[in-house]
$ cat data.csv   # CSV, C-alpha atoms and all ligand atoms
chain,number,residue,atom,x,y,z
A,1,GLY,CA,36.9,-11.9,-46.5
A,2,SER,CA,39.0,-14.8,-47.5
A,3,ASN,CA,37.7,-18.1,-48.8
A,4,LYS,CA,40.5,-20.0,-47.2
A,5,PRO,CA,39.5,-22.5,-44.6
A,6,PRO,CA,40.4,-21.5,-41.0
A,7,GLU,CA,44.0,-22.4,-40.3
A,8,PHE,CA,44.6,-25.4,-38.1
A,9,SER,CA,45.3,-24.3,-34.5
A,10,PHE,CA,47.5,-26.7,-32.7
A,11,GLU,CA,47.0,-24.7,-29.5
A,12,LYS,CA,43.2,-25.1,-29.7
A,13,ALA,CA,43.5,-28.8,-30.5
A,14,ARG,CA,45.7,-29.5,-27.4
A,15,VAL,CA,44.2,-31.3,-24.4
A,16,ARG,CA,46.0,-31.2,-21.1
A,17,LYS,CA,47.1,-34.4,-19.6
A,18,ASP,CA,49.5,-35.4,-16.9
A,19,SER,CA,53.0,-36.7,-17.7
A,20,SER,CA,52.2,-40.3,-16.8
A,21,GLU,CA,49.3,-40.4,-19.2
A,22,LYS,CA,51.5,-38.8,-21.9
A,23,LYS,CA,54.1,-41.5,-21.4
A,24,LEU,CA,51.6,-44.3,-21.7
A,25,ILE,CA,50.1,-42.8,-24.9
A,26,THR,CA,53.5,-42.1,-26.4
A,27,ASP,CA,54.6,-45.7,-25.8
A,28,ALA,CA,51.3,-47.0,-27.3
A,29,LEU,CA,51.8,-44.9,-30.5
A,30,ASN,CA,55.5,-46.0,-30.8
A,31,LYS,CA,54.6,-49.7,-30.6
A,32,ASN,CA,52.6,-49.3,-33.8
A,33,GLN,CA,54.6,-50.4,-36.8
A,34,PHE,CA,53.4,-47.5,-39.0
A,35,LEU,CA,53.4,-44.7,-36.5
A,36,LYS,CA,56.8,-45.5,-35.1
A,37,ARG,CA,58.4,-44.3,-38.3
A,38,LEU,CA,57.1,-40.8,-37.8
A,39,ASP,CA,59.2,-37.9,-36.6
A,40,PRO,CA,59.3,-38.0,-32.8
A,41,GLN,CA,57.9,-34.4,-32.8
A,42,GLN,CA,54.8,-35.6,-34.7
A,43,ILE,CA,54.2,-38.3,-32.1
A,44,LYS,CA,54.5,-35.7,-29.4
A,45,ASP,CA,52.0,-33.5,-31.2
A,46,MET,CA,49.6,-36.5,-31.6
A,47,VAL,CA,49.9,-37.2,-27.9
A,48,GLU,CA,49.1,-33.5,-27.0
A,49,CYS,CA,46.0,-33.5,-29.2
A,50,MET,CA,44.5,-36.8,-28.1
A,51,TYR,CA,41.4,-36.6,-25.9
A,52,GLY,CA,39.5,-39.0,-23.7
A,53,ARG,CA,36.5,-40.9,-25.1
A,54,ASN,CA,34.6,-43.6,-23.2
A,55,TYR,CA,32.4,-46.3,-24.6
A,56,GLN,CA,29.7,-48.4,-22.9
A,57,GLN,CA,29.9,-52.2,-22.7
A,58,GLY,CA,28.4,-53.7,-25.9
A,59,SER,CA,28.9,-50.6,-28.1
A,60,TYR,CA,30.8,-50.5,-31.3
A,61,ILE,CA,33.7,-48.0,-31.4
A,62,ILE,CA,34.5,-48.8,-35.0
A,63,LYS,CA,32.2,-50.4,-37.7
A,64,GLN,CA,33.7,-52.3,-40.6
A,65,GLY,CA,33.1,-50.5,-43.9
A,66,GLU,CA,32.6,-47.1,-42.5
A,67,PRO,CA,34.9,-44.2,-43.1
A,68,GLY,CA,37.5,-43.6,-40.4
A,69,ASN,CA,37.4,-40.4,-38.4
A,70,HIS,CA,39.6,-41.2,-35.4
A,71,ILE,CA,42.7,-43.1,-34.3
A,72,PHE,CA,42.5,-44.6,-30.8
A,73,VAL,CA,44.6,-45.9,-28.0
A,74,LEU,CA,43.1,-48.3,-25.6
A,75,ALA,CA,43.5,-47.1,-22.0
A,76,GLU,CA,41.1,-49.2,-20.0
A,77,GLY,CA,38.7,-52.2,-20.6
A,78,ARG,CA,38.4,-54.9,-23.2
A,79,LEU,CA,38.0,-54.6,-26.9
A,80,GLU,CA,37.4,-57.3,-29.5
A,81,VAL,CA,38.0,-57.1,-33.3
A,82,PHE,CA,35.5,-58.7,-35.7
A,83,GLN,CA,35.1,-59.1,-39.4
A,84,GLY,CA,31.5,-59.9,-39.9
A,85,GLU,CA,30.7,-62.4,-37.2
A,86,LYS,CA,34.2,-63.7,-37.0
A,87,LEU,CA,36.3,-62.8,-34.0
A,88,LEU,CA,39.8,-61.9,-35.1
A,89,SER,CA,41.4,-60.9,-31.9
A,90,SER,CA,41.2,-58.8,-28.8
A,91,ILE,CA,43.2,-55.5,-28.5
A,92,PRO,CA,45.9,-55.5,-25.8
A,93,MET,CA,45.9,-52.6,-23.3
A,94,TRP,CA,47.8,-49.5,-24.5
A,95,THR,CA,47.6,-50.5,-28.1
A,96,THR,CA,46.8,-48.1,-31.0
A,97,PHE,CA,43.8,-49.2,-33.2
A,98,GLY,CA,41.8,-47.6,-35.9
A,99,GLU,CA,44.9,-46.4,-37.6
A,100,LEU,CA,44.5,-48.3,-40.9
A,101,ALA,CA,41.6,-46.3,-42.4
A,102,ILE,CA,43.3,-43.1,-41.4
A,103,LEU,CA,46.8,-44.0,-42.7
A,104,TYR,CA,45.6,-45.6,-46.0
A,105,ASN,CA,42.5,-43.5,-46.5
A,106,CYS,CA,40.4,-46.7,-46.8
A,107,THR,CA,37.2,-47.7,-45.0
A,108,ARG,CA,37.4,-49.5,-41.6
A,109,THR,CA,38.9,-53.0,-42.2
A,110,ALA,CA,37.1,-54.5,-39.2
A,111,SER,CA,34.7,-53.7,-36.4
A,112,VAL,CA,35.9,-53.0,-32.8
A,113,LYS,CA,33.4,-53.8,-30.0
A,114,ALA,CA,33.6,-52.8,-26.3
A,115,ILE,CA,33.3,-56.0,-24.3
A,116,THR,CA,33.4,-54.0,-21.0
A,117,ASN,CA,33.1,-50.3,-20.4
A,118,VAL,CA,36.1,-48.9,-22.2
A,119,LYS,CA,38.3,-45.8,-22.0
A,120,THR,CA,40.2,-44.6,-25.0
A,121,TRP,CA,42.4,-41.7,-26.1
A,122,ALA,CA,41.2,-40.5,-29.5
A,123,LEU,CA,42.7,-38.3,-32.2
A,124,ASP,CA,40.5,-36.8,-35.0
A,125,ARG,CA,41.6,-37.5,-38.5
A,126,GLU,CA,41.8,-33.8,-39.5
A,127,VAL,CA,44.1,-33.1,-36.6
A,128,PHE,CA,46.3,-36.1,-37.5
A,129,GLN,CA,46.5,-34.9,-41.1
A,130,ASN,CA,47.4,-31.4,-39.9
A,131,ILE,CA,50.1,-32.7,-37.7
A,132,MET,CA,51.5,-34.7,-40.7
A,133,ARG,CA,51.5,-31.4,-42.7
A,134,ARG,CA,52.9,-29.1,-40.0
A,135,THR,CA,56.3,-27.8,-40.9
A,136,ALA,CA,59.2,-27.4,-38.5
A,137,GLN,CA,58.7,-23.6,-39.1
A,138,ALA,CA,55.1,-23.7,-38.0
A,139,ARG,CA,56.1,-25.6,-34.8
A,140,ASP,CA,58.9,-23.1,-34.0
A,141,GLU,CA,56.5,-20.3,-34.3
A,142,GLN,CA,53.9,-21.9,-32.0
A,143,TYR,CA,56.1,-23.4,-29.2
B,1,LIG,P1,40.9,-49.7,-39.1
B,1,LIG,O1,40.8,-50.5,-40.3
B,1,LIG,O2,41.0,-48.2,-39.3
B,1,LIG,O3,39.6,-50.0,-38.2
B,1,LIG,C1,39.6,-51.3,-37.6
B,1,LIG,C2,40.8,-51.6,-36.8
B,1,LIG,O4,40.9,-52.8,-36.2
B,1,LIG,C3,42.0,-51.5,-37.8
B,1,LIG,O5,42.1,-50.2,-38.3
B,1,LIG,C4,43.1,-52.1,-36.9
B,1,LIG,O6,43.6,-51.1,-36.0
B,1,LIG,C5,42.3,-53.1,-36.1
B,1,LIG,N1,42.5,-54.5,-36.8
B,1,LIG,C6,42.2,-54.8,-38.0
B,1,LIG,N2,42.4,-56.1,-38.2
B,1,LIG,C7,42.9,-56.6,-37.1
B,1,LIG,C8,43.4,-57.9,-36.6
B,1,LIG,N3,43.4,-59.0,-37.4
B,1,LIG,N4,43.9,-58.0,-35.4
B,1,LIG,C9,43.9,-56.9,-34.5
B,1,LIG,N5,43.4,-55.7,-34.9
B,1,LIG,C10,43.0,-55.5,-36.1
$ encode --input "data.csv" --output "structure tokens"
Amino acid sequence: GSNKPPEFSFEKARVRKDSSEKKLITDALNKNQFLKRLDPQQIKDMVECMYGRNYQQGSYIIKQGEPGNHIFVLAEGRLEVFQGEKLLSSIPMWTTFGELAILYNCTRTASVKAITNVKTWALDREVFQNIMRRTAQARDEQY
């Protein structure tokens, strides 16, 4: 056989959602100063591949200094951002967070803690990177 890693399957990474959810996630991604510069088709692909992830009150969604594996959008609940013990801010509803470690390939710049039970939409880093690499041709073939 071939030693090539399995090819990324956009169809497999897709998670069904209703159009009102998609609209909210799209707007959240487009509010982000880095992501809003992407090709609109890449934003669409990100929205299609995001999946729901819930966190319990008191848990850490992101820990400062760790490698980053996901980008998130806050859909429900309250999140606070810390550096060490210092509270930096809370995250407004329908905001993207956890994007810095993914975009800049650095470790998490801060910790993000669930102050209430929280619902997020998450996107895996490998899927994000594949979406960034997907050519117009690959998209035409799959849609
Ligand atoms: P990342 O560094 O991947 O993980 C921690 C996230 O917290 C970071 O991405 C940003 O999304 C967010 N973040 C970092 N610093 C601040 C801040 N000062 N205010 C609000 N959010 C922040």
$ atom_distance --input "data.csv" --atom1 "CA of Phe34 in chain A" --atom2 "CA of Leu103 in chain A"
8.3 Å
$ residues_near_ligand --input "data.csv" --ligand "ligand LIG 1 (chain B)" --cutoff "9 Å" --atoms "only C-alpha atoms and all ligand atoms" --output "VMD selection string"
chain A and resid 62 to 72 80 to 83 87 to 91 95 to 112
$ write_last_selection --input "data.csv" --atoms "C-alpha atoms" --output "compact mmCIF listing (two decimals), in the frame of the given file"
# COMPACT_ATOMS: atom_id res chain seq x y z
CA ILE A 62 34.50 -48.80 -35.00
CA LYS A 63 32.20 -50.40 -37.70
CA GLN A 64 33.70 -52.30 -40.60
CA GLY A 65 33.10 -50.50 -43.90
CA GLU A 66 32.60 -47.10 -42.50
CA PRO A 67 34.90 -44.20 -43.10
CA GLY A 68 37.50 -43.60 -40.40
CA ASN A 69 37.40 -40.40 -38.40
CA HIS A 70 39.60 -41.20 -35.40
CA ILE A 71 42.70 -43.10 -34.30
CA PHE A 72 42.50 -44.60 -30.80
CA GLU A 80 37.40 -57.30 -29.50
CA VAL A 81 38.00 -57.10 -33.30
CA PHE A 82 35.50 -58.70 -35.70
CA GLN A 83 35.10 -59.10 -39.40
CA LEU A 87 36.30 -62.80 -34.00
CA LEU A 88 39.80 -61.90 -35.10
CA SER A 89 41.40 -60.90 -31.90
CA SER A 90 41.20 -58.80 -28.80
CA ILE A 91 43.20 -55.50 -28.50
CA THR A 95 47.60 -50.50 -28.10
CA THR A 96 46.80 -48.10 -31.00
CA PHE A 97 43.80 -49.20 -33.20
CA GLY A 98 41.80 -47.60 -35.90
CA GLU A 99 44.90 -46.40 -37.60
CA LEU A 100 44.50 -48.30 -40.90
CA ALA A 101 41.60 -46.30 -42.40
CA ILE A 102 43.30 -43.10 -41.40
CA LEU A 103 46.80 -44.00 -42.70
CA TYR A 104 45.60 -45.60 -46.00
CA ASN A 105 42.50 -43.50 -46.50
CA CYS A 106 40.40 -46.70 -46.80
CA THR A 107 37.20 -47.70 -45.00
CA ARG A 108 37.40 -49.50 -41.60
CA THR A 109 38.90 -53.00 -42.20
CA ALA A 110 37.10 -54.50 -39.20
CA SER A 111 34.70 -53.70 -36.40
CA VAL A 112 35.90 -53.00 -32.80
$ residues_around --input "data.csv" --residues "Gly52 in chain A" --least-positions-apart "4" --cutoff "8 Å" --atoms "all atoms listed in the file" --output "list in words"
Lys119, Thr120, Trp121 and Ala122 of chain A
$ atom_distance --input "data.csv" --atom1 "CA of Met132 in chain A" --atom2 "CA of Pro40 in chain A"
11.6 Å
$ closest_atom_pairs --input "data.csv" --of "range 41-117 of chain A" --to "range 9-30 of chain A" --cutoff "8 Å" --atoms "all atoms listed in the file" --output "JSON lines"
{"residue": "A:Ile43", "atom": "CA", "partner": "A:Thr26", "partner_atom": "CA", "distance": 6.9}
{"residue": "A:Lys44", "atom": "CA", "partner": "A:Thr26", "partner_atom": "CA", "distance": 7.1}
{"residue": "A:Val47", "atom": "CA", "partner": "A:Thr26", "partner_atom": "CA", "distance": 6.3}
{"residue": "A:Glu48", "atom": "CA", "partner": "A:Arg14", "partner_atom": "CA", "distance": 5.3}
{"residue": "A:Cys49", "atom": "CA", "partner": "A:Arg14", "partner_atom": "CA", "distance": 4.4}
{"residue": "A:Met50", "atom": "CA", "partner": "A:Val15", "partner_atom": "CA", "distance": 6.6}
{"residue": "A:Tyr51", "atom": "CA", "partner": "A:Val15", "partner_atom": "CA", "distance": 6.2}
{"residue": "A:Val73", "atom": "CA", "partner": "A:Ala28", "partner_atom": "CA", "distance": 6.8}
{"residue": "A:Trp94", "atom": "CA", "partner": "A:Ala28", "partner_atom": "CA", "distance": 5.1}
{"residue": "A:Thr95", "atom": "CA", "partner": "A:Ala28", "partner_atom": "CA", "distance": 5.2}
{"residue": "A:Thr96", "atom": "CA", "partner": "A:Ala28", "partner_atom": "CA", "distance": 5.9}
$ closest_residue --input "data.csv" --among "A:Lys31, A:Lys113, A:Arg134, A:Arg125" --to "Gln57 in chain A" --atoms "only C-alpha atoms"
A:Lys113
$ atom_distance --input "data.csv" --atom1 "CA of Gln129 in chain A" --atom2 "CA of Asn54 in chain A"
23.2 Å
$ build_atoms --input "data.csv" --residues "range 44-56 of chain A" --atoms "N, CA and C atoms" --output "PDB file, in the coordinates of the input"
ATOM      1  N   LYS A  44      54.784 -36.559 -30.543  1.00  0.00           N
ATOM      2  CA  LYS A  44      54.500 -35.700 -29.400  1.00  0.00           C
ATOM      3  C   LYS A  44      53.244 -34.838 -29.672  1.00  0.00           C
ATOM      4  N   ASP A  45      53.144 -34.312 -30.889  1.00  0.00           N
ATOM      5  CA  ASP A  45      52.000 -33.500 -31.200  1.00  0.00           C
ATOM      6  C   ASP A  45      50.692 -34.335 -31.174  1.00  0.00           C
ATOM      7  N   MET A  46      50.768 -35.575 -31.662  1.00  0.00           N
ATOM      8  CA  MET A  46      49.600 -36.500 -31.600  1.00  0.00           C
ATOM      9  C   MET A  46      49.178 -36.658 -30.135  1.00  0.00           C
ATOM     10  N   VAL A  47      50.162 -36.951 -29.281  1.00  0.00           N
ATOM     11  CA  VAL A  47      49.900 -37.200 -27.900  1.00  0.00           C
ATOM     12  C   VAL A  47      49.184 -35.952 -27.260  1.00  0.00           C
ATOM     13  N   GLU A  48      49.710 -34.774 -27.576  1.00  0.00           N
ATOM     14  CA  GLU A  48      49.100 -33.500 -27.000  1.00  0.00           C
ATOM     15  C   GLU A  48      47.673 -33.346 -27.431  1.00  0.00           C
ATOM     16  N   CYS A  49      47.328 -33.795 -28.625  1.00  0.00           N
ATOM     17  CA  CYS A  49      46.000 -33.500 -29.200  1.00  0.00           C
ATOM     18  C   CYS A  49      44.989 -34.665 -28.940  1.00  0.00           C
ATOM     19  N   MET A  50      45.419 -35.761 -28.333  1.00  0.00           N
ATOM     20  CA  MET A  50      44.500 -36.800 -28.100  1.00  0.00           C
ATOM     21  C   MET A  50      43.566 -36.452 -26.905  1.00  0.00           C
ATOM     22  N   TYR A  51      42.320 -36.911 -26.952  1.00  0.00           N
ATOM     23  CA  TYR A  51      41.400 -36.600 -25.900  1.00  0.00           C
ATOM     24  C   TYR A  51      40.637 -37.849 -25.453  1.00  0.00           C
ATOM     25  N   GLY A  52      40.156 -37.839 -24.214  1.00  0.00           N
ATOM     26  CA  GLY A  52      39.500 -39.000 -23.700  1.00  0.00           C
ATOM     27  C   GLY A  52      38.148 -39.270 -24.250  1.00  0.00           C
ATOM     28  N   ARG A  53      37.879 -40.533 -24.588  1.00  0.00           N
ATOM     29  CA  ARG A  53      36.500 -40.900 -25.100  1.00  0.00           C
ATOM     30  C   ARG A  53      36.203 -42.264 -24.441  1.00  0.00           C
ATOM     31  N   ASN A  54      35.019 -42.316 -23.842  1.00  0.00           N
ATOM     32  CA  ASN A  54      34.600 -43.600 -23.200  1.00  0.00           C
ATOM     33  C   ASN A  54      33.462 -44.202 -23.958  1.00  0.00           C
ATOM     34  N   TYR A  55      33.407 -45.516 -23.878  1.00  0.00           N
ATOM     35  CA  TYR A  55      32.400 -46.300 -24.600  1.00  0.00           C
ATOM     36  C   TYR A  55      31.743 -47.278 -23.621  1.00  0.00           C
ATOM     37  N   GLN A  56      30.440 -47.463 -23.776  1.00  0.00           N
ATOM     38  CA  GLN A  56      29.700 -48.400 -22.900  1.00  0.00           C
ATOM     39  C   GLN A  56      29.915 -49.829 -23.412  1.00  0.00           C
TER      40      GLN A  56
END
